[in-house]
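Visitor: File name protein-v8.pdb; file contents PDB, N, CA and C atoms; full text below.
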```pdb
ATOM      1  N   MET A  58      31.729 -20.616  -2.497  1.00  0.00           N
ATOM      2  CA  MET A  58      31.315 -19.235  -2.539  1.00  0.00           C
ATOM      3  C   MET A  58      31.960 -18.524  -1.359  1.00  0.00           C
ATOM      4  N   SER A  59      32.550 -17.392  -1.623  1.00  0.00           N
ATOM      5  CA  SER A  59      33.226 -16.670  -0.550  1.00  0.00           C
ATOM      6  C   SER A  59      32.208 -15.962   0.341  1.00  0.00           C
ATOM      7  N   ALA A  60      32.687 -15.486   1.479  1.00  0.00           N
ATOM      8  CA  ALA A  60      31.816 -14.799   2.437  1.00  0.00           C
ATOM      9  C   ALA A  60      31.252 -13.516   1.823  1.00  0.00           C
ATOM     10  N   LEU A  61      32.069 -12.825   1.033  1.00  0.00           N
ATOM     11  CA  LEU A  61      31.627 -11.583   0.395  1.00  0.00           C
ATOM     12  C   LEU A  61      30.521 -11.866  -0.624  1.00  0.00           C
ATOM     13  N   GLU A  62      30.699 -12.914  -1.427  1.00  0.00           N
ATOM     14  CA  GLU A  62      29.661 -13.268  -2.404  1.00  0.00           C
ATOM     15  C   GLU A  62      28.362 -13.671  -1.710  1.00  0.00           C
ATOM     16  N   ARG A  63      28.484 -14.399  -0.618  1.00  0.00           N
ATOM     17  CA  ARG A  63      27.307 -14.834   0.140  1.00  0.00           C
ATOM     18  C   ARG A  63      26.588 -13.605   0.724  1.00  0.00           C
ATOM     19  N   GLU A  64      27.352 -12.657   1.251  1.00  0.00           N
ATOM     20  CA  GLU A  64      26.766 -11.434   1.810  1.00  0.00           C
ATOM     21  C   GLU A  64      26.075 -10.612   0.723  1.00  0.00           C
ATOM     22  N   ILE A  65      26.679 -10.527  -0.436  1.00  0.00           N
ATOM     23  CA  ILE A  65      26.072  -9.797  -1.558  1.00  0.00           C
ATOM     24  C   ILE A  65      24.762 -10.456  -1.965  1.00  0.00           C
ATOM     25  N   GLU A  66      24.747 -11.773  -2.039  1.00  0.00           N
ATOM     26  CA  GLU A  66      23.531 -12.500  -2.422  1.00  0.00           C
ATOM     27  C   GLU A  66      22.428 -12.311  -1.372  1.00  0.00           C
ATOM     28  N   GLU A  67      22.778 -12.353  -0.089  1.00  0.00           N
ATOM     29  CA  GLU A  67      21.783 -12.131   0.966  1.00  0.00           C
ATOM     30  C   GLU A  67      21.219 -10.715   0.888  1.00  0.00           C
ATOM     31  N   THR A  68      22.077  -9.746   0.637  1.00  0.00           N
ATOM     32  CA  THR A  68      21.639  -8.354   0.504  1.00  0.00           C
ATOM     33  C   THR A  68      20.713  -8.203  -0.698  1.00  0.00           C
ATOM     34  N   ARG A  69      21.066  -8.852  -1.774  1.00  0.00           N
ATOM     35  CA  ARG A  69      20.239  -8.806  -2.984  1.00  0.00           C
ATOM     36  C   ARG A  69      18.846  -9.388  -2.706  1.00  0.00           C
ATOM     37  N   GLN A  70      18.797 -10.477  -1.957  1.00  0.00           N
ATOM     38  CA  GLN A  70      17.511 -11.091  -1.619  1.00  0.00           C
ATOM     39  C   GLN A  70      16.671 -10.173  -0.717  1.00  0.00           C
ATOM     40  N   ARG A  71      17.317  -9.543   0.268  1.00  0.00           N
ATOM     41  CA  ARG A  71      16.590  -8.621   1.153  1.00  0.00           C
ATOM     42  C   ARG A  71      16.043  -7.436   0.373  1.00  0.00           C
ATOM     43  N   LEU A  72      16.835  -6.896  -0.536  1.00  0.00           N
ATOM     44  CA  LEU A  72      16.387  -5.763  -1.346  1.00  0.00           C
ATOM     45  C   LEU A  72      15.222  -6.155  -2.249  1.00  0.00           C
ATOM     46  N   ALA A  73      15.287  -7.333  -2.833  1.00  0.00           N
ATOM     47  CA  ALA A  73      14.199  -7.804  -3.693  1.00  0.00           C
ATOM     48  C   ALA A  73      12.913  -7.943  -2.883  1.00  0.00           C
ATOM     49  N   SER A  74      13.025  -8.462  -1.685  1.00  0.00           N
ATOM     50  CA  SER A  74      11.864  -8.610  -0.815  1.00  0.00           C
ATOM     51  C   SER A  74      11.297  -7.246  -0.432  1.00  0.00           C
ATOM     52  N   THR A  75      12.163  -6.299  -0.122  1.00  0.00           N
ATOM     53  CA  THR A  75      11.732  -4.949   0.243  1.00  0.00           C
ATOM     54  C   THR A  75      11.022  -4.275  -0.926  1.00  0.00           C
ATOM     55  N   ILE A  76      11.552  -4.437  -2.110  1.00  0.00           N
ATOM     56  CA  ILE A  76      10.932  -3.831  -3.296  1.00  0.00           C
ATOM     57  C   ILE A  76       9.563  -4.444  -3.536  1.00  0.00           C
ATOM     58  N   ASP A  77       9.432  -5.753  -3.352  1.00  0.00           N
ATOM     59  CA  ASP A  77       8.126  -6.407  -3.508  1.00  0.00           C
ATOM     60  C   ASP A  77       7.121  -5.869  -2.492  1.00  0.00           C
ATOM     61  N   GLN A  78       7.561  -5.689  -1.253  1.00  0.00           N
ATOM     62  CA  GLN A  78       6.683  -5.151  -0.216  1.00  0.00           C
ATOM     63  C   GLN A  78       6.243  -3.730  -0.551  1.00  0.00           C
ATOM     64  N   LEU A  79       7.172  -2.916  -1.009  1.00  0.00           N
ATOM     65  CA  LEU A  79       6.842  -1.534  -1.370  1.00  0.00           C
ATOM     66  C   LEU A  79       5.890  -1.488  -2.560  1.00  0.00           C
ATOM     67  N   ALA A  80       6.106  -2.344  -3.529  1.00  0.00           N
ATOM     68  CA  ALA A  80       5.217  -2.386  -4.693  1.00  0.00           C
ATOM     69  C   ALA A  80       3.814  -2.788  -4.266  1.00  0.00           C
ATOM     70  N   HIS A  81       3.711  -3.732  -3.353  1.00  0.00           N
ATOM     71  CA  HIS A  81       2.395  -4.155  -2.858  1.00  0.00           C
ATOM     72  C   HIS A  81       1.713  -3.018  -2.105  1.00  0.00           C
ATOM     73  N   ARG A  82       2.447  -2.325  -1.237  1.00  0.00           N
ATOM     74  CA  ARG A  82       1.864  -1.231  -0.450  1.00  0.00           C
ATOM     75  C   ARG A  82       1.459  -0.058  -1.328  1.00  0.00           C
ATOM     76  N   ALA A  83       2.149   0.153  -2.446  1.00  0.00           N
ATOM     77  CA  ALA A  83       1.864   1.289  -3.321  1.00  0.00           C
ATOM     78  C   ALA A  83       0.836   0.953  -4.402  1.00  0.00           C
ATOM     79  N   HIS A  84       0.408  -0.301  -4.484  1.00  0.00           N
ATOM     80  CA  HIS A  84      -0.566  -0.701  -5.501  1.00  0.00           C
ATOM     81  C   HIS A  84      -1.910  -0.024  -5.211  1.00  0.00           C
ATOM     82  N   PRO A  85      -2.560   0.546  -6.222  1.00  0.00           N
ATOM     83  CA  PRO A  85      -3.815   1.281  -5.996  1.00  0.00           C
ATOM     84  C   PRO A  85      -4.892   0.481  -5.264  1.00  0.00           C
ATOM     85  N   LYS A  86      -5.051  -0.797  -5.573  1.00  0.00           N
ATOM     86  CA  LYS A  86      -6.061  -1.600  -4.882  1.00  0.00           C
ATOM     87  C   LYS A  86      -5.739  -1.744  -3.404  1.00  0.00           C
ATOM     88  N   THR A  87      -4.470  -1.867  -3.076  1.00  0.00           N
ATOM     89  CA  THR A  87      -4.069  -1.974  -1.679  1.00  0.00           C
ATOM     90  C   THR A  87      -4.358  -0.674  -0.951  1.00  0.00           C
ATOM     91  N   ILE A  88      -4.064   0.443  -1.587  1.00  0.00           N
ATOM     92  CA  ILE A  88      -4.314   1.750  -0.979  1.00  0.00           C
ATOM     93  C   ILE A  88      -5.810   1.947  -0.755  1.00  0.00           C
ATOM     94  N   VAL A  89      -6.620   1.626  -1.752  1.00  0.00           N
ATOM     95  CA  VAL A  89      -8.075   1.763  -1.622  1.00  0.00           C
ATOM     96  C   VAL A  89      -8.587   0.863  -0.500  1.00  0.00           C
ATOM     97  N   GLY A  90      -8.106  -0.355  -0.453  1.00  0.00           N
ATOM     98  CA  GLY A  90      -8.516  -1.278   0.602  1.00  0.00           C
ATOM     99  C   GLY A  90      -8.197  -0.753   1.992  1.00  0.00           C
ATOM    100  N   ARG A  91      -7.013  -0.164   2.146  1.00  0.00           N
ATOM    101  CA  ARG A  91      -6.636   0.422   3.432  1.00  0.00           C
ATOM    102  C   ARG A  91      -7.555   1.576   3.793  1.00  0.00           C
ATOM    103  N   GLN A  92      -7.847   2.437   2.820  1.00  0.00           N
ATOM    104  CA  GLN A  92      -8.706   3.590   3.083  1.00  0.00           C
ATOM    105  C   GLN A  92     -10.125   3.161   3.418  1.00  0.00           C
ATOM    106  N   VAL A  93     -10.637   2.144   2.722  1.00  0.00           N
ATOM    107  CA  VAL A  93     -11.992   1.638   3.011  1.00  0.00           C
ATOM    108  C   VAL A  93     -12.033   1.081   4.431  1.00  0.00           C
ATOM    109  N   THR A  94     -11.041   0.335   4.809  1.00  0.00           N
ATOM    110  CA  THR A  94     -10.986  -0.229   6.161  1.00  0.00           C
ATOM    111  C   THR A  94     -10.909   0.875   7.206  1.00  0.00           C
ATOM    112  N   THR A  95     -10.109   1.900   6.946  1.00  0.00           N
ATOM    113  CA  THR A  95      -9.984   3.016   7.878  1.00  0.00           C
ATOM    114  C   THR A  95     -11.319   3.741   8.028  1.00  0.00           C
ATOM    115  N   THR A  96     -11.980   4.004   6.908  1.00  0.00           N
ATOM    116  CA  THR A  96     -13.260   4.707   6.955  1.00  0.00           C
ATOM    117  C   THR A  96     -14.317   3.852   7.638  1.00  0.00           C
ATOM    118  N   LYS A  97     -14.345   2.571   7.298  1.00  0.00           N
ATOM    119  CA  LYS A  97     -15.308   1.653   7.922  1.00  0.00           C
ATOM    120  C   LYS A  97     -15.097   1.590   9.428  1.00  0.00           C
ATOM    121  N   SER A  98     -13.850   1.534   9.861  1.00  0.00           N
ATOM    122  CA  SER A  98     -13.567   1.420  11.291  1.00  0.00           C
ATOM    123  C   SER A  98     -13.993   2.665  12.049  1.00  0.00           C
ATOM    124  N   HIS A  99     -14.160   3.785  11.344  1.00  0.00           N
ATOM    125  CA  HIS A  99     -14.622   5.006  11.993  1.00  0.00           C
ATOM    126  C   HIS A  99     -16.115   4.912  12.327  1.00  0.00           C
ATOM    127  N   PHE A 100     -16.876   4.169  11.533  1.00  0.00           N
ATOM    128  CA  PHE A 100     -18.321   4.087  11.714  1.00  0.00           C
ATOM    129  C   PHE A 100     -18.812   2.735  12.227  1.00  0.00           C
ATOM    130  N   VAL A 101     -17.976   1.691  12.132  1.00  0.00           N
ATOM    131  CA  VAL A 101     -18.364   0.349  12.569  1.00  0.00           C
ATOM    132  C   VAL A 101     -17.195  -0.267  13.335  1.00  0.00           C
ATOM    133  N   ASP A 102     -17.500  -0.873  14.467  1.00  0.00           N
ATOM    134  CA  ASP A 102     -16.477  -1.589  15.219  1.00  0.00           C
ATOM    135  C   ASP A 102     -16.122  -2.845  14.432  1.00  0.00           C
ATOM    136  N   LEU A 103     -14.886  -2.933  13.973  1.00  0.00           N
ATOM    137  CA  LEU A 103     -14.489  -4.034  13.093  1.00  0.00           C
ATOM    138  C   LEU A 103     -14.506  -5.392  13.796  1.00  0.00           C
ATOM    139  N   GLU A 104     -14.327  -5.403  15.114  1.00  0.00           N
ATOM    140  CA  GLU A 104     -14.313  -6.677  15.837  1.00  0.00           C
ATOM    141  C   GLU A 104     -15.717  -7.232  16.034  1.00  0.00           C
ATOM    142  N   THR A 105     -16.660  -6.362  16.413  1.00  0.00           N
ATOM    143  CA  THR A 105     -18.010  -6.833  16.730  1.00  0.00           C
ATOM    144  C   THR A 105     -19.007  -6.581  15.609  1.00  0.00           C
ATOM    145  N   GLY A 106     -18.713  -5.643  14.722  1.00  0.00           N
ATOM    146  CA  GLY A 106     -19.633  -5.295  13.650  1.00  0.00           C
ATOM    147  C   GLY A 106     -20.717  -4.327  14.096  1.00  0.00           C
ATOM    148  N   ALA A 107     -20.638  -3.883  15.353  1.00  0.00           N
ATOM    149  CA  ALA A 107     -21.637  -2.954  15.891  1.00  0.00           C
ATOM    150  C   ALA A 107     -21.366  -1.544  15.376  1.00  0.00           C
ATOM    151  N   PRO A 108     -22.426  -0.814  15.044  1.00  0.00           N
ATOM    152  CA  PRO A 108     -22.215   0.566  14.575  1.00  0.00           C
ATOM    153  C   PRO A 108     -21.730   1.462  15.708  1.00  0.00           C
ATOM    154  N   ARG A 109     -20.892   2.411  15.356  1.00  0.00           N
ATOM    155  CA  ARG A 109     -20.412   3.395  16.325  1.00  0.00           C
ATOM    156  C   ARG A 109     -21.335   4.604  16.236  1.00  0.00           C
ATOM    157  N   THR A 110     -22.380   4.574  17.026  1.00  0.00           N
ATOM    158  CA  THR A 110     -23.428   5.589  16.907  1.00  0.00           C
ATOM    159  C   THR A 110     -22.919   6.990  17.212  1.00  0.00           C
ATOM    160  N   ASP A 111     -21.931   7.120  18.091  1.00  0.00           N
ATOM    161  CA  ASP A 111     -21.418   8.459  18.395  1.00  0.00           C
ATOM    162  C   ASP A 111     -20.834   9.116  17.148  1.00  0.00           C
ATOM    163  N   ASN A 112     -20.048   8.381  16.389  1.00  0.00           N
ATOM    164  CA  ASN A 112     -19.462   8.948  15.167  1.00  0.00           C
ATOM    165  C   ASN A 112     -20.518   9.156  14.084  1.00  0.00           C
ATOM    166  N   ILE A 113     -21.480   8.253  14.004  1.00  0.00           N
ATOM    167  CA  ILE A 113     -22.547   8.393  13.007  1.00  0.00           C
ATOM    168  C   ILE A 113     -23.371   9.640  13.318  1.00  0.00           C
ATOM    169  N   LEU A 114     -23.691   9.849  14.599  1.00  0.00           N
ATOM    170  CA  LEU A 114     -24.471  11.021  14.986  1.00  0.00           C
ATOM    171  C   LEU A 114     -23.691  12.319  14.759  1.00  0.00           C
ATOM    172  N   LYS A 115     -22.398  12.298  14.991  1.00  0.00           N
ATOM    173  CA  LYS A 115     -21.573  13.488  14.719  1.00  0.00           C
ATOM    174  C   LYS A 115     -21.629  13.843  13.242  1.00  0.00           C
ATOM    175  N   LEU A 116     -21.492  12.842  12.382  1.00  0.00           N
ATOM    176  CA  LEU A 116     -21.546  13.091  10.946  1.00  0.00           C
ATOM    177  C   LEU A 116     -22.920  13.577  10.519  1.00  0.00           C
ATOM    178  N   ALA A 117     -23.966  12.934  11.045  1.00  0.00           N
ATOM    179  CA  ALA A 117     -25.326  13.353  10.707  1.00  0.00           C
ATOM    180  C   ALA A 117     -25.567  14.788  11.160  1.00  0.00           C
ATOM    181  N   GLY A 118     -25.096  15.151  12.332  1.00  0.00           N
ATOM    182  CA  GLY A 118     -25.213  16.526  12.829  1.00  0.00           C
ATOM    183  C   GLY A 118     -24.486  17.512  11.935  1.00  0.00           C
ATOM    184  N   ALA A 119     -23.311  17.130  11.483  1.00  0.00           N
ATOM    185  CA  ALA A 119     -22.548  18.013  10.596  1.00  0.00           C
ATOM    186  C   ALA A 119     -23.275  18.213   9.271  1.00  0.00           C
ATOM    187  N   VAL A 120     -23.855  17.143   8.724  1.00  0.00           N
ATOM    188  CA  VAL A 120     -24.586  17.244   7.457  1.00  0.00           C
ATOM    189  C   VAL A 120     -25.806  18.142   7.634  1.00  0.00           C
ATOM    190  N   VAL A 121     -26.539  17.939   8.708  1.00  0.00           N
ATOM    191  CA  VAL A 121     -27.715  18.783   8.969  1.00  0.00           C
ATOM    192  C   VAL A 121     -27.277  20.234   9.132  1.00  0.00           C
ATOM    193  N   GLY A 122     -26.197  20.468   9.839  1.00  0.00           N
ATOM    194  CA  GLY A 122     -25.687  21.834  10.028  1.00  0.00           C
ATOM    195  C   GLY A 122     -25.334  22.494   8.716  1.00  0.00           C
ATOM    196  N   VAL A 123     -24.689  21.773   7.830  1.00  0.00           N
ATOM    197  CA  VAL A 123     -24.318  22.327   6.524  1.00  0.00           C
ATOM    198  C   VAL A 123     -25.561  22.627   5.698  1.00  0.00           C
ATOM    199  N   VAL A 124     -26.536  21.741   5.730  1.00  0.00           N
ATOM    200  CA  VAL A 124     -27.778  21.960   4.978  1.00  0.00           C
ATOM    201  C   VAL A 124     -28.502  23.194   5.504  1.00  0.00           C
ATOM    202  N   VAL A 125     -28.591  23.330   6.823  1.00  0.00           N
ATOM    203  CA  VAL A 125     -29.235  24.507   7.413  1.00  0.00           C
ATOM    204  C   VAL A 125     -28.471  25.766   7.059  1.00  0.00           C
ATOM    205  N   LEU A 126     -27.171  25.728   7.137  1.00  0.00           N
ATOM    206  CA  LEU A 126     -26.347  26.886   6.782  1.00  0.00           C
ATOM    207  C   LEU A 126     -26.575  27.289   5.327  1.00  0.00           C
ATOM    208  N   LEU A 127     -26.594  26.331   4.427  1.00  0.00           N
ATOM    209  CA  LEU A 127     -26.828  26.646   3.017  1.00  0.00           C
ATOM    210  C   LEU A 127     -28.221  27.229   2.807  1.00  0.00           C
ATOM    211  N   ALA A 128     -29.225  26.703   3.520  1.00  0.00           N
ATOM    212  CA  ALA A 128     -30.581  27.230   3.397  1.00  0.00           C
ATOM    213  C   ALA A 128     -30.651  28.663   3.893  1.00  0.00           C
ATOM    214  N   VAL A 129     -30.003  28.951   4.999  1.00  0.00           N
ATOM    215  CA  VAL A 129     -29.991  30.316   5.544  1.00  0.00           C
ATOM    216  C   VAL A 129     -29.277  31.259   4.598  1.00  0.00           C
ATOM    217  N   VAL A 130     -28.162  30.853   4.063  1.00  0.00           N
ATOM    218  CA  VAL A 130     -27.406  31.698   3.132  1.00  0.00           C
ATOM    219  C   VAL A 130     -28.219  31.983   1.884  1.00  0.00           C
ATOM    220  N   ARG A 131     -28.933  30.991   1.381  1.00  0.00           N
ATOM    221  CA  ARG A 131     -29.773  31.198   0.184  1.00  0.00           C
ATOM    222  C   ARG A 131     -30.899  32.175   0.475  1.00  0.00           C
ATOM    223  N   ARG A 132     -31.509  32.077   1.655  1.00  0.00           N
ATOM    224  CA  ARG A 132     -32.610  32.987   1.995  1.00  0.00           C
ATOM    225  C   ARG A 132     -32.096  34.414   2.171  1.00  0.00           C
ATOM    226  N   VAL A 133     -30.927  34.568   2.777  1.00  0.00           N
ATOM    227  CA  VAL A 133     -30.365  35.899   3.001  1.00  0.00           C
ATOM    228  C   VAL A 133     -29.929  36.515   1.659  1.00  0.00           C
ATOM    229  N   ALA A 134     -29.456  35.701   0.764  1.00  0.00           N
ATOM    230  CA  ALA A 134     -28.966  36.191  -0.531  1.00  0.00           C
ATOM    231  C   ALA A 134     -30.082  36.653  -1.437  1.00  0.00           C
ATOM    232  N   ARG A 135     -31.322  36.252  -1.191  1.00  0.00           N
ATOM    233  CA  ARG A 135     -32.447  36.642  -2.051  1.00  0.00           C
ATOM    234  C   ARG A 135     -32.858  38.016  -1.789  1.00  0.00           C
TER     235      ARG A 135
END
```
Mind turning the file's structure into structure tokens?
Guide:
Amino acid sequence: MSALEREIEETRQRLASTIDQLAHRAHPKTIVGRQVTTTKSHFVDLETGAPRTDNILKLAGAVVGVVVLLAVVRRVAR
């Protein structure tokens, strides 16, 4: 096998590997898994499993704020 044929075969193998990696990264289950991990890491420390109370309290505060805002808007609109 000549050097050119060997280089073409190596390039073909690298491209096949790259395409497999891209297909795996673009697979819907992989994307969902990444998003779940990202969201979980925002509320739970992935290493220790301890809840991140600061982020949980921020979210709870935002939810309460939205509920209060909606209640005020409904009362004013009547």
Visitor: Quick one: pull the distance between atom C of A:Ser98 and atom CA of A:Ile113, Å, one decimal.
Guide: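 Separation of atom C of A:Ser98 and atom CA of A:Ile113: 10.3 Å.
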Visitor: Could you work out an axis-aligned box for stretch 97-114 of chain A, taking every atom the file lists and adding 8 Å on each side, and report centre and edge lengths in Å to one decimal, as AutoDock Vina command-line options?
Guide:
```
--center_x -19.0 --center_y 2.5 --center_z 12.8 --size_x 26.9 --size_y 35.6 --size_z 27.1
```
Visitor: Atom CA of A:Val101 to atom C of A:Val89: how many Å, to one decimal?
Guide: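 Going from atom CA of A:Val101 over to atom C of A:Val89, I get 16.3 Å.
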Visitor: So what do you get for atom CA of A:Glu62 versus atom CA of A:Ala80, distance-wise?
Guide: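 Going from atom CA of A:Glu62 over to atom CA of A:Ala80, I get 26.9 Å.
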Visitor: Report as a compact mmCIF listing (two decimals) with N, CA and C atoms, in the frame of the given file: the residues of chain A with a DSSP assignment of alpha helix (DSSP H), based on the backbone of this structure.
Guide:
```
# COMPACT_ATOMS: atom_id res chain seq x y z
N ALA A 60 32.69 -15.49 1.48
CA ALA A 60 31.82 -14.80 2.44
C ALA A 60 31.25 -13.52 1.82
N LEU A 61 32.07 -12.82 1.03
CA LEU A 61 31.63 -11.58 0.40
C LEU A 61 30.52 -11.87 -0.62
N GLU A 62 30.70 -12.91 -1.43
CA GLU A 62 29.66 -13.27 -2.40
C GLU A 62 28.36 -13.67 -1.71
N ARG A 63 28.48 -14.40 -0.62
CA ARG A 63 27.31 -14.83 0.14
C ARG A 63 26.59 -13.60 0.72
N GLU A 64 27.35 -12.66 1.25
CA GLU A 64 26.77 -11.43 1.81
C GLU A 64 26.08 -10.61 0.72
N ILE A 65 26.68 -10.53 -0.44
CA ILE A 65 26.07 -9.80 -1.56
C ILE A 65 24.76 -10.46 -1.96
N GLU A 66 24.75 -11.77 -2.04
CA GLU A 66 23.53 -12.50 -2.42
C GLU A 66 22.43 -12.31 -1.37
N GLU A 67 22.78 -12.35 -0.09
CA GLU A 67 21.78 -12.13 0.97
C GLU A 67 21.22 -10.72 0.89
N THR A 68 22.08 -9.75 0.64
CA THR A 68 21.64 -8.35 0.50
C THR A 68 20.71 -8.20 -0.70
N ARG A 69 21.07 -8.85 -1.77
CA ARG A 69 20.24 -8.81 -2.98
C ARG A 69 18.85 -9.39 -2.71
N GLN A 70 18.80 -10.48 -1.96
CA GLN A 70 17.51 -11.09 -1.62
C GLN A 70 16.67 -10.17 -0.72
N ARG A 71 17.32 -9.54 0.27
CA ARG A 71 16.59 -8.62 1.15
C ARG A 71 16.04 -7.44 0.37
N LEU A 72 16.84 -6.90 -0.54
CA LEU A 72 16.39 -5.76 -1.35
C LEU A 72 15.22 -6.16 -2.25
N ALA A 73 15.29 -7.33 -2.83
CA ALA A 73 14.20 -7.80 -3.69
C ALA A 73 12.91 -7.94 -2.88
N SER A 74 13.02 -8.46 -1.68
CA SER A 74 11.86 -8.61 -0.82
C SER A 74 11.30 -7.25 -0.43
N THR A 75 12.16 -6.30 -0.12
CA THR A 75 11.73 -4.95 0.24
C THR A 75 11.02 -4.28 -0.93
N ILE A 76 11.55 -4.44 -2.11
CA ILE A 76 10.93 -3.83 -3.30
C ILE A 76 9.56 -4.44 -3.54
N ASP A 77 9.43 -5.75 -3.35
CA ASP A 77 8.13 -6.41 -3.51
C ASP A 77 7.12 -5.87 -2.49
N GLN A 78 7.56 -5.69 -1.25
CA GLN A 78 6.68 -5.15 -0.22
C GLN A 78 6.24 -3.73 -0.55
N LEU A 79 7.17 -2.92 -1.01
CA LEU A 79 6.84 -1.53 -1.37
C LEU A 79 5.89 -1.49 -2.56
N ALA A 80 6.11 -2.34 -3.53
CA ALA A 80 5.22 -2.39 -4.69
C ALA A 80 3.81 -2.79 -4.27
N HIS A 81 3.71 -3.73 -3.35
CA HIS A 81 2.40 -4.16 -2.86
C HIS A 81 1.71 -3.02 -2.10
N ARG A 82 2.45 -2.33 -1.24
CA ARG A 82 1.86 -1.23 -0.45
C ARG A 82 1.46 -0.06 -1.33
N ALA A 83 2.15 0.15 -2.45
CA ALA A 83 1.86 1.29 -3.32
C ALA A 83 0.84 0.95 -4.40
N PRO A 85 -2.56 0.55 -6.22
CA PRO A 85 -3.82 1.28 -6.00
C PRO A 85 -4.89 0.48 -5.26
N LYS A 86 -5.05 -0.80 -5.57
CA LYS A 86 -6.06 -1.60 -4.88
C LYS A 86 -5.74 -1.74 -3.40
N THR A 87 -4.47 -1.87 -3.08
CA THR A 87 -4.07 -1.97 -1.68
C THR A 87 -4.36 -0.67 -0.95
N ILE A 88 -4.06 0.44 -1.59
CA ILE A 88 -4.31 1.75 -0.98
C ILE A 88 -5.81 1.95 -0.76
N VAL A 89 -6.62 1.63 -1.75
CA VAL A 89 -8.07 1.76 -1.62
C VAL A 89 -8.59 0.86 -0.50
N GLY A 90 -8.11 -0.36 -0.45
CA GLY A 90 -8.52 -1.28 0.60
C GLY A 90 -8.20 -0.75 1.99
N ARG A 91 -7.01 -0.16 2.15
CA ARG A 91 -6.64 0.42 3.43
C ARG A 91 -7.56 1.58 3.79
N GLN A 92 -7.85 2.44 2.82
CA GLN A 92 -8.71 3.59 3.08
C GLN A 92 -10.12 3.16 3.42
N VAL A 93 -10.64 2.14 2.72
CA VAL A 93 -11.99 1.64 3.01
C VAL A 93 -12.03 1.08 4.43
N THR A 94 -11.04 0.34 4.81
CA THR A 94 -10.99 -0.23 6.16
C THR A 94 -10.91 0.88 7.21
N THR A 95 -10.11 1.90 6.95
CA THR A 95 -9.98 3.02 7.88
C THR A 95 -11.32 3.74 8.03
N THR A 96 -11.98 4.00 6.91
CA THR A 96 -13.26 4.71 6.96
C THR A 96 -14.32 3.85 7.64
N LYS A 97 -14.34 2.57 7.30
CA LYS A 97 -15.31 1.65 7.92
C LYS A 97 -15.10 1.59 9.43
N SER A 98 -13.85 1.53 9.86
CA SER A 98 -13.57 1.42 11.29
C SER A 98 -13.99 2.66 12.05
N HIS A 99 -14.16 3.78 11.34
CA HIS A 99 -14.62 5.01 11.99
C HIS A 99 -16.11 4.91 12.33
N PHE A 100 -16.88 4.17 11.53
CA PHE A 100 -18.32 4.09 11.71
C PHE A 100 -18.81 2.74 12.23
N THR A 110 -22.38 4.57 17.03
CA THR A 110 -23.43 5.59 16.91
C THR A 110 -22.92 6.99 17.21
N ASP A 111 -21.93 7.12 18.09
CA ASP A 111 -21.42 8.46 18.40
C ASP A 111 -20.83 9.12 17.15
N ASN A 112 -20.05 8.38 16.39
CA ASN A 112 -19.46 8.95 15.17
C ASN A 112 -20.52 9.16 14.08
N ILE A 113 -21.48 8.25 14.00
CA ILE A 113 -22.55 8.39 13.01
C ILE A 113 -23.37 9.64 13.32
N LEU A 114 -23.69 9.85 14.60
CA LEU A 114 -24.47 11.02 14.99
C LEU A 114 -23.69 12.32 14.76
N LYS A 115 -22.40 12.30 14.99
CA LYS A 115 -21.57 13.49 14.72
C LYS A 115 -21.63 13.84 13.24
N LEU A 116 -21.49 12.84 12.38
CA LEU A 116 -21.55 13.09 10.95
C LEU A 116 -22.92 13.58 10.52
N ALA A 117 -23.97 12.93 11.04
CA ALA A 117 -25.33 13.35 10.71
C ALA A 117 -25.57 14.79 11.16
N GLY A 118 -25.10 15.15 12.33
CA GLY A 118 -25.21 16.53 12.83
C GLY A 118 -24.49 17.51 11.94
N ALA A 119 -23.31 17.13 11.48
CA ALA A 119 -22.55 18.01 10.60
C ALA A 119 -23.28 18.21 9.27
N VAL A 120 -23.86 17.14 8.72
CA VAL A 120 -24.59 17.24 7.46
C VAL A 120 -25.81 18.14 7.63
N VAL A 121 -26.54 17.94 8.71
CA VAL A 121 -27.72 18.78 8.97
C VAL A 121 -27.28 20.23 9.13
N GLY A 122 -26.20 20.47 9.84
CA GLY A 122 -25.69 21.83 10.03
C GLY A 122 -25.33 22.49 8.72
N VAL A 123 -24.69 21.77 7.83
CA VAL A 123 -24.32 22.33 6.52
C VAL A 123 -25.56 22.63 5.70
N VAL A 124 -26.54 21.74 5.73
CA VAL A 124 -27.78 21.96 4.98
C VAL A 124 -28.50 23.19 5.50
N VAL A 125 -28.59 23.33 6.82
CA VAL A 125 -29.24 24.51 7.41
C VAL A 125 -28.47 25.77 7.06
N LEU A 126 -27.17 25.73 7.14
CA LEU A 126 -26.35 26.89 6.78
C LEU A 126 -26.58 27.29 5.33
N LEU A 127 -26.59 26.33 4.43
CA LEU A 127 -26.83 26.65 3.02
C LEU A 127 -28.22 27.23 2.81
N ALA A 128 -29.22 26.70 3.52
CA ALA A 128 -30.58 27.23 3.40
C ALA A 128 -30.65 28.66 3.89
N VAL A 129 -30.00 28.95 5.00
CA VAL A 129 -29.99 30.32 5.54
C VAL A 129 -29.28 31.26 4.60
N VAL A 130 -28.16 30.85 4.06
CA VAL A 130 -27.41 31.70 3.13
C VAL A 130 -28.22 31.98 1.88
N ARG A 131 -28.93 30.99 1.38
CA ARG A 131 -29.77 31.20 0.18
C ARG A 131 -30.90 32.17 0.48
N ARG A 132 -31.51 32.08 1.66
CA ARG A 132 -32.61 32.99 2.00
C ARG A 132 -32.10 34.41 2.17
N VAL A 133 -30.93 34.57 2.78
CA VAL A 133 -30.36 35.90 3.00
C VAL A 133 -29.93 36.52 1.66
N ALA A 134 -29.46 35.70 0.76
CA ALA A 134 -28.97 36.19 -0.53
C ALA A 134 -30.08 36.65 -1.44
```
Visitor: Determine the residue membership of the PyMOL selection byres ((chain A and resi 99) around 8) for the file above and supply it as a list in words.
Guide: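 That selection, the PyMOL selection byres ((chain A and resi 99) around 8), comes back as Val93, Thr94, Thr95, Thr96, Lys97, Ser98, Phe100, Val101, Asp102, Leu103, Pro108, Arg109, Thr110, Asp111, Asn112 and Ile113 of chain A.
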